[in-house]
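Trainee: This structure is in structure tokens; I'll ask about it shortly.
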Amino acid sequence: MASIKIENVQKAFGKVVAVDHLNLEIKDGEFFTFLGPSGCGKTTTLRMIAGFYYPTKGVVRFGDKDMTRVPPEKRNTGMVFQNYALFPHMTVFENIAFGLKVRKIASNELKARVQEVLRKVRLEKYADRQVSQLSGGQQQRVALARALVIEPEILLLDEPLSNLDAKLRDEMRSEILRLQKEYKITTIYVTHDQAEALSMSDRIAVFNFGVCHQVGTPSEIYNEPANDFVASFIGEINLLPVIVDQVEGNRVTVSAGENQYVVHNNPFNFNREHQDGELALSIRPESIRILAEKADRPNVFQGKVEDVQFFGTIILVRVRVNGLLLDVNLLNHVSANLKPGADVWVELPEDQIRLIPVLSGDAS
Amino acid sequence: MMKNRDNRLTLYLLIPVLLVLIAYVLYPSLRTFLESLQKEGGFTLGNYQDFFSQESKTNLQALWNSVYISVLSVLVSAAIGIPLAFIFNRYDFPGRGFFATAAIMPIVLPSLVGVMAFMFLYGESGLVPNAIKDLLGLKEVPFKIGGVSGILIVHAYTMYVYFYMTVSSAILKIDPSLEESAYNLGASRFQVFRKVTFPLLTPAIVAASLLVFMISMASFSAPFLLAGGFRVLSLQIYFSKINGDMEVAATQSVILSIVSIAFLLFMRWYQNRKDYRMATKGIGAHRSEVNNPVLKWTMVLTGVIGVIILLLPHFTILLLSLVPDGTWTWQTYPSVFNFENYRLLLEDPNIFKPLKNSLILSFIATAGNLVFGVLASYVLVKRKFVGKSFVDILVMIPWALPATVIGMNLIFAFNEPNIFSFGNILVGTFWILPLAYFIRHIPLVVRSTNAVLEQLDDSIEEASRSLGAKWFYTFRKVILPIIMPGVLSGTLLAFVESVGEFPTSVLLYTISNRPISIEIMNQLRMFNMGQAAAYGMIQITLIAIVLVISNKFFGVKAEQSLS
């Protein structure tokens with residue numbers, strides 16, 4: 001088990017900077033996720049931890065040990081690759097035993113340890129199969145077992161579920177979490193799938209264009225996104241570019257087009273550090289209310305329903321308010337029975353609105 | 001820019017590869033070039049002046065003849081190979097699978113043996129013209145091959161296979177939905193072919209054309225046995241060498257090399273352009289069944305006749321190998337058949353010796369090819385370094401250079417002691433032939449190994465490293481076992497090709513160490529067709545065994561790496 005420190009790391013390939021100014025601290029035993037779109041630098045960072053790349057600048061530590069330039073075979077990390085990278089000429093048993101053989105573990109202990117891990121991933125019966133005879137989910141388990149059996153200090157998972165179909169993915173998600181808790185192993189999980197990240201992680205780091213934008217627990221990332229990129233990458237959100245009109249006591253007044261909005265003036269809703277830059281008003285679709293009639297509260301506007309989409313658990317309603325289109329999510333049991341063309345009132349509760357910085361052009 | 005440790009490893013792997021390539025590919029070529037600049041003890045371009053302005057124009061004529069024969073070979077091979085590829089991959093009729101397999105049979109015939117078969121089949125005293133003469137009661141044979149027509153027929157027979165194979169694999173790669181969507185948009189059959197199918201096949205057709213052009217520029221065995229007075233450049237080199245005009249031979253070699261290497265570079269450029277990569281999702285190519293009974297049985301009949309024509313050379317060699325020497329002299333047809341030639345081959349040490357020599361020489365050369373091929377291919381496919389395309393071109397040069405030129409290069413490089421031969425003169429010794437065979441087959445083994453290594457995902461090596469295995473352990477226990485089938489099939493092919501190798505053998509052999517191809521030539525000169533054919537059958541059998549082994553045990557289509 002080990003904590004990981006990434007200090008001021010930069011990785012450049014020729015002139016292209018893949019990761020820049022990266023500082024992260026991953027705690028012992030933590031399930032930590034790198035989340036971001038493809039090409040954002042998350043896999044590059046993972047590979048620097050595994051030792052397949054060495055950083056151009058900066059330091060990588062496991063605990064207090066400087067691992068920056070240690071070759072991959074001396075890091076004692078267990079890695080699961082996106083394509084599993086199982087050795088096609090070996091059986092399940094031989095694949096899992098590979099790391100132990102390299103470590104010159106005596107054959108009876110080796111057998112016992114392989115059996116043990118096979119049991120944990122529920123593949124006892126498949127020890128003598130060729131890996132090509134396994135299904136995708138089973139191959140995934142072998143890859144996990146092979147990484148875990150060497151008792152690595154750190155488990156590295158590079159988009160491990162992206163090749164599985166939806167149902168298997170849910171199953172493997174719980175399986176990975178179960179094993180991680182059982183082994184109490186520091187785990188780094190790379191994914192572009194926000195649902196995986198939110199449901200599995202202790203903490204998440206959100207990447208884009210080689211920069212880490214925010215580190216936090218799933219609820220922090222979702223409820224308090226640091227900027228418009230994080231806000232729009234994770235979940236659905238309404239983002240309206242706004243200009244601050246007035247800051248007065250515990251109220252901030254902003255305007256977006258013809259509408260004026262009132263926002264609570266506290267650090268959650270309006271972080272004053274950013275007040276000089278470009279700002280956007282953000283509100284999650286599930287936070288907006290639809291009212292049958294006008295209410296005498298701030299942030300209530302008249303609008304027209306443009307579109308209604310039924311998703312099962314929720315109903316997405318698009319409402320046009322003074323030229324702006326707002327997404328509103330209603331729970332299914334609120335059988336509002338809205339139809340396109342209906343006139344409605346929408347309310348953006350002032351405590352649910354957050355003003356967040358807009359990243360300049362190419363960084364978002 | 002990457003990891004230092006890995007850079008060092010790349011360097012350690014690269015150095016031996018580069019040394020071998022410089023010593024045995026680059027240096028000999030340069031020696032030939034220097035030799036061509038020598039005239040009367042000074043450095044001049046005189047030899048080149050002579051080449052182009054010689055009064056008799058022999059050399060220019062030979063160069064022109066080579067180009068002429070090659071262009072005709074491309075056209076004739078394309079005219080046979082492309083339609084066959086279409087018929088066998090687009091239509092289904094009884095016997096299609098068998099015909100499709102039979103279509104690659106010319107590959108099983110080593111060039112010298114093939115030419116020999118054609119001489120006995122269609123030459124002046126050939127079986128086919130004489131049979132027609134007797135059947136129809138003619139006074140003269142109705143036709144005979146020789147000179148240009150002879151070379152062309154042999155080329156067409158052996159080289160249409162390249163068109164057939166490349167175009168076939170391109171047809172199979174076409175996503176049928178592309179054609180379907182053209183039909184769906186209202187295109188007629190002809191329009192679909194002209195606007196969709198044919199453009200998609202163009203890269204394959206161009207590649208095959210370049211390939212056939214190069215191979216026929218280099219062709220040696222067919223002109224050697226059939227040309228008569230017709231001179232081609234590859235043959236001129238041989239004659240210059242025999243006459244002792246070494247500077248002239250060098251000049252001719254350089255000019256032929258320039259043509260070949262220009263083609264190699266053009267081909268690389270052409271193949272590296274953006275070509276149409278097609279998604280292979282969904283259903284594969286489908287063949288439409290031929291329902292019209294007249295058409296169907298015409299196709300079957302044509303197929304049967306085609307197979308007979310294709311296999312006739314093989315049968316001729318088999319037949320001749322059963323005719324004891326001295327029993328077929330003045331008669332039109334042989335009359336005595338037995339296993340005398342094979343018995344002699346096994347029992348008479350003098351007759352067995354060339355076969356043994358060839359096997360030993362080829363084994364040594366191929367062992368070298370195996371080690372070098374795996375190393376070079378690994379470095380080229382899996383490692384990053386500056387100057388990779390230079391190494392890549394060096395590897396491919398022996399493929400582009402005509403065998404005659406490689407032979408000459410070796411003569412110029414190793415008829416004097418130098419560091420690459422560890423201070424020995426190699427010409428006239430045992431070692432020159434294994435070296436020549438090794439150089440000739442570097443590209444084949446490297447390319448077949450490249451094909452399997454490119455399939456091997458980098459993450460396999462990384463997985464092993466991250467599980468704690470050092471590079472060499474990973475290479476031995478993970479990479480080698482996975483790529484072995486592909487490597488072995490390429491290596492076995494190099495082995496049988498070495499056994500049959502003629503052009504470099506004829507330039508470099510020593511009397512005490514004659515390989516099988518030289519002995520075939522000698523036996524033919526002494527009119528011992530039976531013994532020559534028996535040697536040929538051995539070669540055919542070896543090649544057939546290798547192709548079957550590769551297909552059955554390694555699951556590799558070995559014949560593909562020939563093109």
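Order determines the names: the first chain of the structure tokens is A, the second B, and so forth; residues in each chain are numbered 1 upward, and ligands are numbered 1 upward as they are shown.
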Neighbouring residues of A:Ile288 were defined as those with any atom within 6 Å, considering only C-alpha atoms; residues of the same chain fewer than 2 positions away were excluded. Please report them as a PyMOL selection string.
Mentor: chain A and resi 285-286+328+347-348
Trainee: Compute the set of chain A residues within 6 Å of chain B, using only C-alpha atoms, and express it as a VMD selection string.
Mentor: chain A and resid 72 to 73 85 99 102
Trainee: Could you list, as a PDB file with N, CA and C atoms, in the first residue's frame, every residue within 7 Å of stretch 311-327 of chain B, counting only C-alpha atoms and ignoring same-chain residues fewer than 5 positions away?
Mentor:
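Saved to out28.pdb:
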ATOM      1  N   GLY B 114      10.837 -24.115 -63.425  1.00  0.00           N
ATOM      2  CA  GLY B 114       9.679 -23.708 -64.224  1.00  0.00           C
ATOM      3  C   GLY B 114      10.064 -23.483 -65.674  1.00  0.00           C
ATOM      4  N   ALA B 117      10.583 -26.682 -67.382  1.00  0.00           N
ATOM      5  CA  ALA B 117       9.326 -27.351 -67.728  1.00  0.00           C
ATOM      6  C   ALA B 117       8.738 -26.745 -68.996  1.00  0.00           C
ATOM      7  N   PHE B 118       8.775 -25.431 -69.100  1.00  0.00           N
ATOM      8  CA  PHE B 118       8.215 -24.793 -70.290  1.00  0.00           C
ATOM      9  C   PHE B 118       8.988 -25.190 -71.544  1.00  0.00           C
ATOM     10  N   PRO B 334       8.879 -39.937 -74.588  1.00  0.00           N
ATOM     11  CA  PRO B 334       9.599 -40.917 -73.778  1.00  0.00           C
ATOM     12  C   PRO B 334       8.781 -42.190 -73.652  1.00  0.00           C
ATOM     13  N   VAL B 336      10.157 -45.121 -71.542  1.00  0.00           N
ATOM     14  CA  VAL B 336      10.508 -45.899 -70.346  1.00  0.00           C
ATOM     15  C   VAL B 336      10.320 -45.025 -69.109  1.00  0.00           C
ATOM     16  N   PHE B 337       9.601 -45.567 -68.131  1.00  0.00           N
ATOM     17  CA  PHE B 337       9.404 -44.810 -66.886  1.00  0.00           C
ATOM     18  C   PHE B 337       9.783 -45.660 -65.693  1.00  0.00           C
ATOM     19  N   ASN B 338      10.617 -45.162 -64.805  1.00  0.00           N
ATOM     20  CA  ASN B 338      10.879 -45.841 -63.534  1.00  0.00           C
ATOM     21  C   ASN B 338      11.508 -44.865 -62.552  1.00  0.00           C
ATOM     22  N   PHE B 339      11.905 -45.381 -61.407  1.00  0.00           N
ATOM     23  CA  PHE B 339      12.413 -44.494 -60.355  1.00  0.00           C
ATOM     24  C   PHE B 339      13.939 -44.421 -60.339  1.00  0.00           C
ATOM     25  N   GLU B 340      14.548 -44.801 -61.475  1.00  0.00           N
ATOM     26  CA  GLU B 340      15.996 -44.834 -61.584  1.00  0.00           C
ATOM     27  C   GLU B 340      16.648 -43.515 -61.105  1.00  0.00           C
ATOM     28  N   ASN B 341      16.092 -42.397 -61.566  1.00  0.00           N
ATOM     29  CA  ASN B 341      16.706 -41.099 -61.226  1.00  0.00           C
ATOM     30  C   ASN B 341      16.689 -40.842 -59.729  1.00  0.00           C
ATOM     31  N   ASN B 528      20.764 -34.558 -69.698  1.00  0.00           N
ATOM     32  CA  ASN B 528      20.227 -35.526 -68.724  1.00  0.00           C
ATOM     33  C   ASN B 528      18.966 -34.937 -68.088  1.00  0.00           C
ATOM     34  N   MET B 529      17.907 -34.816 -68.918  1.00  0.00           N
ATOM     35  CA  MET B 529      16.692 -34.180 -68.418  1.00  0.00           C
ATOM     36  C   MET B 529      16.136 -34.896 -67.200  1.00  0.00           C
ATOM     37  N   GLY B 530      16.216 -36.205 -67.216  1.00  0.00           N
ATOM     38  CA  GLY B 530      15.621 -36.994 -66.141  1.00  0.00           C
ATOM     39  C   GLY B 530      16.217 -36.614 -64.798  1.00  0.00           C
ATOM     40  N   GLN B 531      17.553 -36.553 -64.745  1.00  0.00           N
ATOM     41  CA  GLN B 531      18.181 -36.234 -63.475  1.00  0.00           C
ATOM     42  C   GLN B 531      17.861 -34.794 -63.061  1.00  0.00           C
ATOM     43  N   ALA B 533      15.216 -33.132 -63.800  1.00  0.00           N
ATOM     44  CA  ALA B 533      13.828 -33.089 -63.343  1.00  0.00           C
ATOM     45  C   ALA B 533      13.677 -33.667 -61.944  1.00  0.00           C
ATOM     46  N   ALA B 534      14.477 -34.703 -61.655  1.00  0.00           N
ATOM     47  CA  ALA B 534      14.398 -35.295 -60.316  1.00  0.00           C
ATOM     48  C   ALA B 534      14.824 -34.261 -59.267  1.00  0.00           C
ATOM     49  N   GLY B 536      14.498 -31.111 -59.670  1.00  0.00           N
ATOM     50  CA  GLY B 536      13.387 -30.156 -59.647  1.00  0.00           C
ATOM     51  C   GLY B 536      12.243 -30.633 -58.775  1.00  0.00           C
ATOM     52  N   MET B 537      11.925 -31.932 -58.889  1.00  0.00           N
ATOM     53  CA  MET B 537      10.822 -32.481 -58.087  1.00  0.00           C
ATOM     54  C   MET B 537      11.101 -32.347 -56.602  1.00  0.00           C
TER      55      MET B 537
END
Trainee: Just want the 12 Å neighbourhood of B:Glu180, counted on only C-alpha atoms, with same-chain residues fewer than 2 positions away dropped. Output as JSON, numbers by chain.
Mentor: {"B": [174, 175, 176, 177, 178, 182, 183, 184, 185, 186, 187, 188, 189, 192, 193, 196, 197, 285, 286]}
Trainee: Would you list the contacts of stretch 540-550 of chain B as a PDB file with N, CA, C and O atoms, in the first residue's frame, taking every protein, DNA or RNA residue within 10 Å and counting only C-alpha atoms, but skipping same-chain residues closer than 3 positions in sequence?
Mentor:
ATOM      1  N   MET B 105      -0.613 -22.118 -57.841  1.00  0.00           N
ATOM      2  CA  MET B 105       0.371 -23.182 -58.019  1.00  0.00           C
ATOM      3  C   MET B 105       1.680 -22.749 -58.686  1.00  0.00           C
ATOM      4  O   MET B 105       2.726 -23.325 -58.394  1.00  0.00           O
ATOM      5  N   ILE B 107       3.560 -20.607 -57.951  1.00  0.00           N
ATOM      6  CA  ILE B 107       4.504 -20.251 -56.898  1.00  0.00           C
ATOM      7  C   ILE B 107       5.312 -21.451 -56.431  1.00  0.00           C
ATOM      8  O   ILE B 107       6.430 -21.323 -55.959  1.00  0.00           O
ATOM      9  N   VAL B 108       4.725 -22.622 -56.587  1.00  0.00           N
ATOM     10  CA  VAL B 108       5.389 -23.827 -56.095  1.00  0.00           C
ATOM     11  C   VAL B 108       6.515 -24.248 -57.040  1.00  0.00           C
ATOM     12  O   VAL B 108       7.199 -25.226 -56.795  1.00  0.00           O
ATOM     13  N   LEU B 109       6.710 -23.515 -58.133  1.00  0.00           N
ATOM     14  CA  LEU B 109       7.709 -23.901 -59.111  1.00  0.00           C
ATOM     15  C   LEU B 109       8.916 -22.957 -59.017  1.00  0.00           C
ATOM     16  O   LEU B 109       8.788 -21.776 -59.293  1.00  0.00           O
ATOM     17  N   PRO B 110      10.082 -23.461 -58.601  1.00  0.00           N
ATOM     18  CA  PRO B 110      11.253 -22.592 -58.568  1.00  0.00           C
ATOM     19  C   PRO B 110      11.555 -22.105 -59.987  1.00  0.00           C
ATOM     20  O   PRO B 110      11.331 -22.840 -60.949  1.00  0.00           O
ATOM     21  N   VAL B 113      13.411 -24.339 -62.519  1.00  0.00           N
ATOM     22  CA  VAL B 113      12.663 -25.561 -62.806  1.00  0.00           C
ATOM     23  C   VAL B 113      11.465 -25.241 -63.697  1.00  0.00           C
ATOM     24  O   VAL B 113      11.144 -25.986 -64.629  1.00  0.00           O
ATOM     25  N   GLY B 114      10.837 -24.115 -63.425  1.00  0.00           N
ATOM     26  CA  GLY B 114       9.679 -23.708 -64.224  1.00  0.00           C
ATOM     27  C   GLY B 114      10.064 -23.483 -65.674  1.00  0.00           C
ATOM     28  O   GLY B 114       9.384 -23.967 -66.590  1.00  0.00           O
ATOM     29  N   HIS B 314       4.145 -28.762 -63.747  1.00  0.00           N
ATOM     30  CA  HIS B 314       4.480 -29.622 -62.612  1.00  0.00           C
ATOM     31  C   HIS B 314       4.486 -31.086 -63.047  1.00  0.00           C
ATOM     32  O   HIS B 314       5.377 -31.856 -62.697  1.00  0.00           O
ATOM     33  N   ILE B 317       7.529 -31.975 -65.132  1.00  0.00           N
ATOM     34  CA  ILE B 317       8.721 -32.234 -64.323  1.00  0.00           C
ATOM     35  C   ILE B 317       8.634 -33.624 -63.698  1.00  0.00           C
ATOM     36  O   ILE B 317       9.593 -34.402 -63.726  1.00  0.00           O
ATOM     37  N   LEU B 318       7.446 -33.946 -63.181  1.00  0.00           N
ATOM     38  CA  LEU B 318       7.256 -35.255 -62.570  1.00  0.00           C
ATOM     39  C   LEU B 318       7.517 -36.356 -63.589  1.00  0.00           C
ATOM     40  O   LEU B 318       8.242 -37.320 -63.326  1.00  0.00           O
ATOM     41  N   PRO B 485       5.089 -18.475 -34.852  1.00  0.00           N
ATOM     42  CA  PRO B 485       4.489 -19.075 -36.059  1.00  0.00           C
ATOM     43  C   PRO B 485       4.737 -18.249 -37.319  1.00  0.00           C
ATOM     44  O   PRO B 485       5.179 -18.783 -38.328  1.00  0.00           O
ATOM     45  N   GLY B 486       4.501 -16.961 -37.223  1.00  0.00           N
ATOM     46  CA  GLY B 486       4.704 -16.100 -38.385  1.00  0.00           C
ATOM     47  C   GLY B 486       6.164 -16.070 -38.805  1.00  0.00           C
ATOM     48  O   GLY B 486       6.492 -16.137 -39.991  1.00  0.00           O
ATOM     49  N   LEU B 488       8.479 -18.360 -38.252  1.00  0.00           N
ATOM     50  CA  LEU B 488       8.919 -19.636 -38.812  1.00  0.00           C
ATOM     51  C   LEU B 488       8.427 -19.820 -40.228  1.00  0.00           C
ATOM     52  O   LEU B 488       9.143 -20.327 -41.077  1.00  0.00           O
ATOM     53  N   SER B 489       7.185 -19.382 -40.494  1.00  0.00           N
ATOM     54  CA  SER B 489       6.695 -19.612 -41.847  1.00  0.00           C
ATOM     55  C   SER B 489       7.491 -18.775 -42.835  1.00  0.00           C
ATOM     56  O   SER B 489       7.816 -19.245 -43.924  1.00  0.00           O
ATOM     57  N   GLY B 490       7.853 -17.547 -42.449  1.00  0.00           N
ATOM     58  CA  GLY B 490       8.694 -16.731 -43.318  1.00  0.00           C
ATOM     59  C   GLY B 490      10.072 -17.356 -43.496  1.00  0.00           C
ATOM     60  O   GLY B 490      10.624 -17.388 -44.597  1.00  0.00           O
ATOM     61  N   THR B 491      10.607 -17.895 -42.410  1.00  0.00           N
ATOM     62  CA  THR B 491      11.946 -18.465 -42.457  1.00  0.00           C
ATOM     63  C   THR B 491      11.987 -19.735 -43.308  1.00  0.00           C
ATOM     64  O   THR B 491      12.912 -19.938 -44.092  1.00  0.00           O
ATOM     65  N   LEU B 492      10.966 -20.570 -43.150  1.00  0.00           N
ATOM     66  CA  LEU B 492      10.912 -21.797 -43.957  1.00  0.00           C
ATOM     67  C   LEU B 492      10.844 -21.460 -45.435  1.00  0.00           C
ATOM     68  O   LEU B 492      11.471 -22.105 -46.275  1.00  0.00           O
ATOM     69  N   LEU B 493      10.080 -20.417 -45.742  1.00  0.00           N
ATOM     70  CA  LEU B 493       9.970 -20.000 -47.130  1.00  0.00           C
ATOM     71  C   LEU B 493      11.326 -19.531 -47.643  1.00  0.00           C
ATOM     72  O   LEU B 493      11.737 -19.865 -48.760  1.00  0.00           O
ATOM     73  N   PHE B 495      14.089 -20.563 -46.625  1.00  0.00           N
ATOM     74  CA  PHE B 495      14.905 -21.767 -46.778  1.00  0.00           C
ATOM     75  C   PHE B 495      14.682 -22.420 -48.147  1.00  0.00           C
ATOM     76  O   PHE B 495      15.634 -22.670 -48.883  1.00  0.00           O
ATOM     77  N   VAL B 496      13.425 -22.649 -48.497  1.00  0.00           N
ATOM     78  CA  VAL B 496      13.187 -23.329 -49.781  1.00  0.00           C
ATOM     79  C   VAL B 496      13.578 -22.445 -50.963  1.00  0.00           C
ATOM     80  O   VAL B 496      14.044 -22.935 -51.981  1.00  0.00           O
ATOM     81  N   GLU B 497      13.402 -21.137 -50.796  1.00  0.00           N
ATOM     82  CA  GLU B 497      13.833 -20.237 -51.868  1.00  0.00           C
ATOM     83  C   GLU B 497      15.351 -20.318 -52.038  1.00  0.00           C
ATOM     84  O   GLU B 497      15.854 -20.280 -53.150  1.00  0.00           O
ATOM     85  N   VAL B 499      17.199 -22.890 -51.394  1.00  0.00           N
ATOM     86  CA  VAL B 499      17.540 -24.171 -52.024  1.00  0.00           C
ATOM     87  C   VAL B 499      17.443 -24.051 -53.547  1.00  0.00           C
ATOM     88  O   VAL B 499      18.253 -24.605 -54.280  1.00  0.00           O
ATOM     89  N   GLY B 500      16.470 -23.276 -54.027  1.00  0.00           N
ATOM     90  CA  GLY B 500      16.283 -23.167 -55.465  1.00  0.00           C
ATOM     91  C   GLY B 500      17.033 -22.016 -56.106  1.00  0.00           C
ATOM     92  O   GLY B 500      16.993 -21.865 -57.321  1.00  0.00           O
ATOM     93  N   ALA B 534      14.477 -34.703 -61.655  1.00  0.00           N
ATOM     94  CA  ALA B 534      14.398 -35.295 -60.316  1.00  0.00           C
ATOM     95  C   ALA B 534      14.824 -34.261 -59.267  1.00  0.00           C
ATOM     96  O   ALA B 534      14.185 -34.131 -58.213  1.00  0.00           O
ATOM     97  N   TYR B 535      15.884 -33.515 -59.570  1.00  0.00           N
ATOM     98  CA  TYR B 535      16.272 -32.426 -58.666  1.00  0.00           C
ATOM     99  C   TYR B 535      15.120 -31.425 -58.517  1.00  0.00           C
ATOM    100  O   TYR B 535      14.807 -30.955 -57.431  1.00  0.00           O
ATOM    101  N   GLY B 536      14.498 -31.111 -59.670  1.00  0.00           N
ATOM    102  CA  GLY B 536      13.387 -30.156 -59.647  1.00  0.00           C
ATOM    103  C   GLY B 536      12.243 -30.633 -58.775  1.00  0.00           C
ATOM    104  O   GLY B 536      11.664 -29.858 -58.002  1.00  0.00           O
ATOM    105  N   MET B 537      11.925 -31.932 -58.889  1.00  0.00           N
ATOM    106  CA  MET B 537      10.822 -32.481 -58.087  1.00  0.00           C
ATOM    107  C   MET B 537      11.101 -32.347 -56.602  1.00  0.00           C
ATOM    108  O   MET B 537      10.208 -32.076 -55.796  1.00  0.00           O
ATOM    109  N   PHE B 553      -0.229 -25.602 -39.692  1.00  0.00           N
ATOM    110  CA  PHE B 553       0.246 -25.544 -38.318  1.00  0.00           C
ATOM    111  C   PHE B 553       0.412 -24.120 -37.801  1.00  0.00           C
ATOM    112  O   PHE B 553       0.215 -23.851 -36.637  1.00  0.00           O
ATOM    113  N   PHE B 554       0.779 -23.215 -38.702  1.00  0.00           N
ATOM    114  CA  PHE B 554       1.007 -21.855 -38.227  1.00  0.00           C
ATOM    115  C   PHE B 554      -0.161 -20.944 -38.570  1.00  0.00           C
ATOM    116  O   PHE B 554      -0.210 -19.816 -38.137  1.00  0.00           O
ATOM    117  N   GLY B 555      -1.090 -21.453 -39.395  1.00  0.00           N
ATOM    118  CA  GLY B 555      -2.219 -20.620 -39.780  1.00  0.00           C
ATOM    119  C   GLY B 555      -1.787 -19.374 -40.529  1.00  0.00           C
ATOM    120  O   GLY B 555      -2.427 -18.348 -40.475  1.00  0.00           O
ATOM    121  N   VAL B 556      -0.683 -19.470 -41.240  1.00  0.00           N
ATOM    122  CA  VAL B 556      -0.185 -18.310 -41.966  1.00  0.00           C
ATOM    123  C   VAL B 556      -0.221 -18.616 -43.455  1.00  0.00           C
ATOM    124  O   VAL B 556       0.128 -19.714 -43.867  1.00  0.00           O
ATOM    125  N   LYS B 557      -0.688 -17.654 -44.225  1.00  0.00           N
ATOM    126  CA  LYS B 557      -0.631 -17.824 -45.670  1.00  0.00           C
ATOM    127  C   LYS B 557       0.750 -17.382 -46.143  1.00  0.00           C
ATOM    128  O   LYS B 557       0.986 -16.224 -46.439  1.00  0.00           O
ATOM    129  N   ALA B 558       1.677 -18.352 -46.160  1.00  0.00           N
ATOM    130  CA  ALA B 558       3.078 -18.007 -46.407  1.00  0.00           C
ATOM    131  C   ALA B 558       3.261 -17.388 -47.781  1.00  0.00           C
ATOM    132  O   ALA B 558       4.091 -16.518 -47.968  1.00  0.00           O
ATOM    133  N   GLU B 559       2.450 -17.842 -48.751  1.00  0.00           N
ATOM    134  CA  GLU B 559       2.666 -17.348 -50.116  1.00  0.00           C
ATOM    135  C   GLU B 559       2.476 -15.834 -50.197  1.00  0.00           C
ATOM    136  O   GLU B 559       3.028 -15.178 -51.057  1.00  0.00           O
TER     137      GLU B 559
END
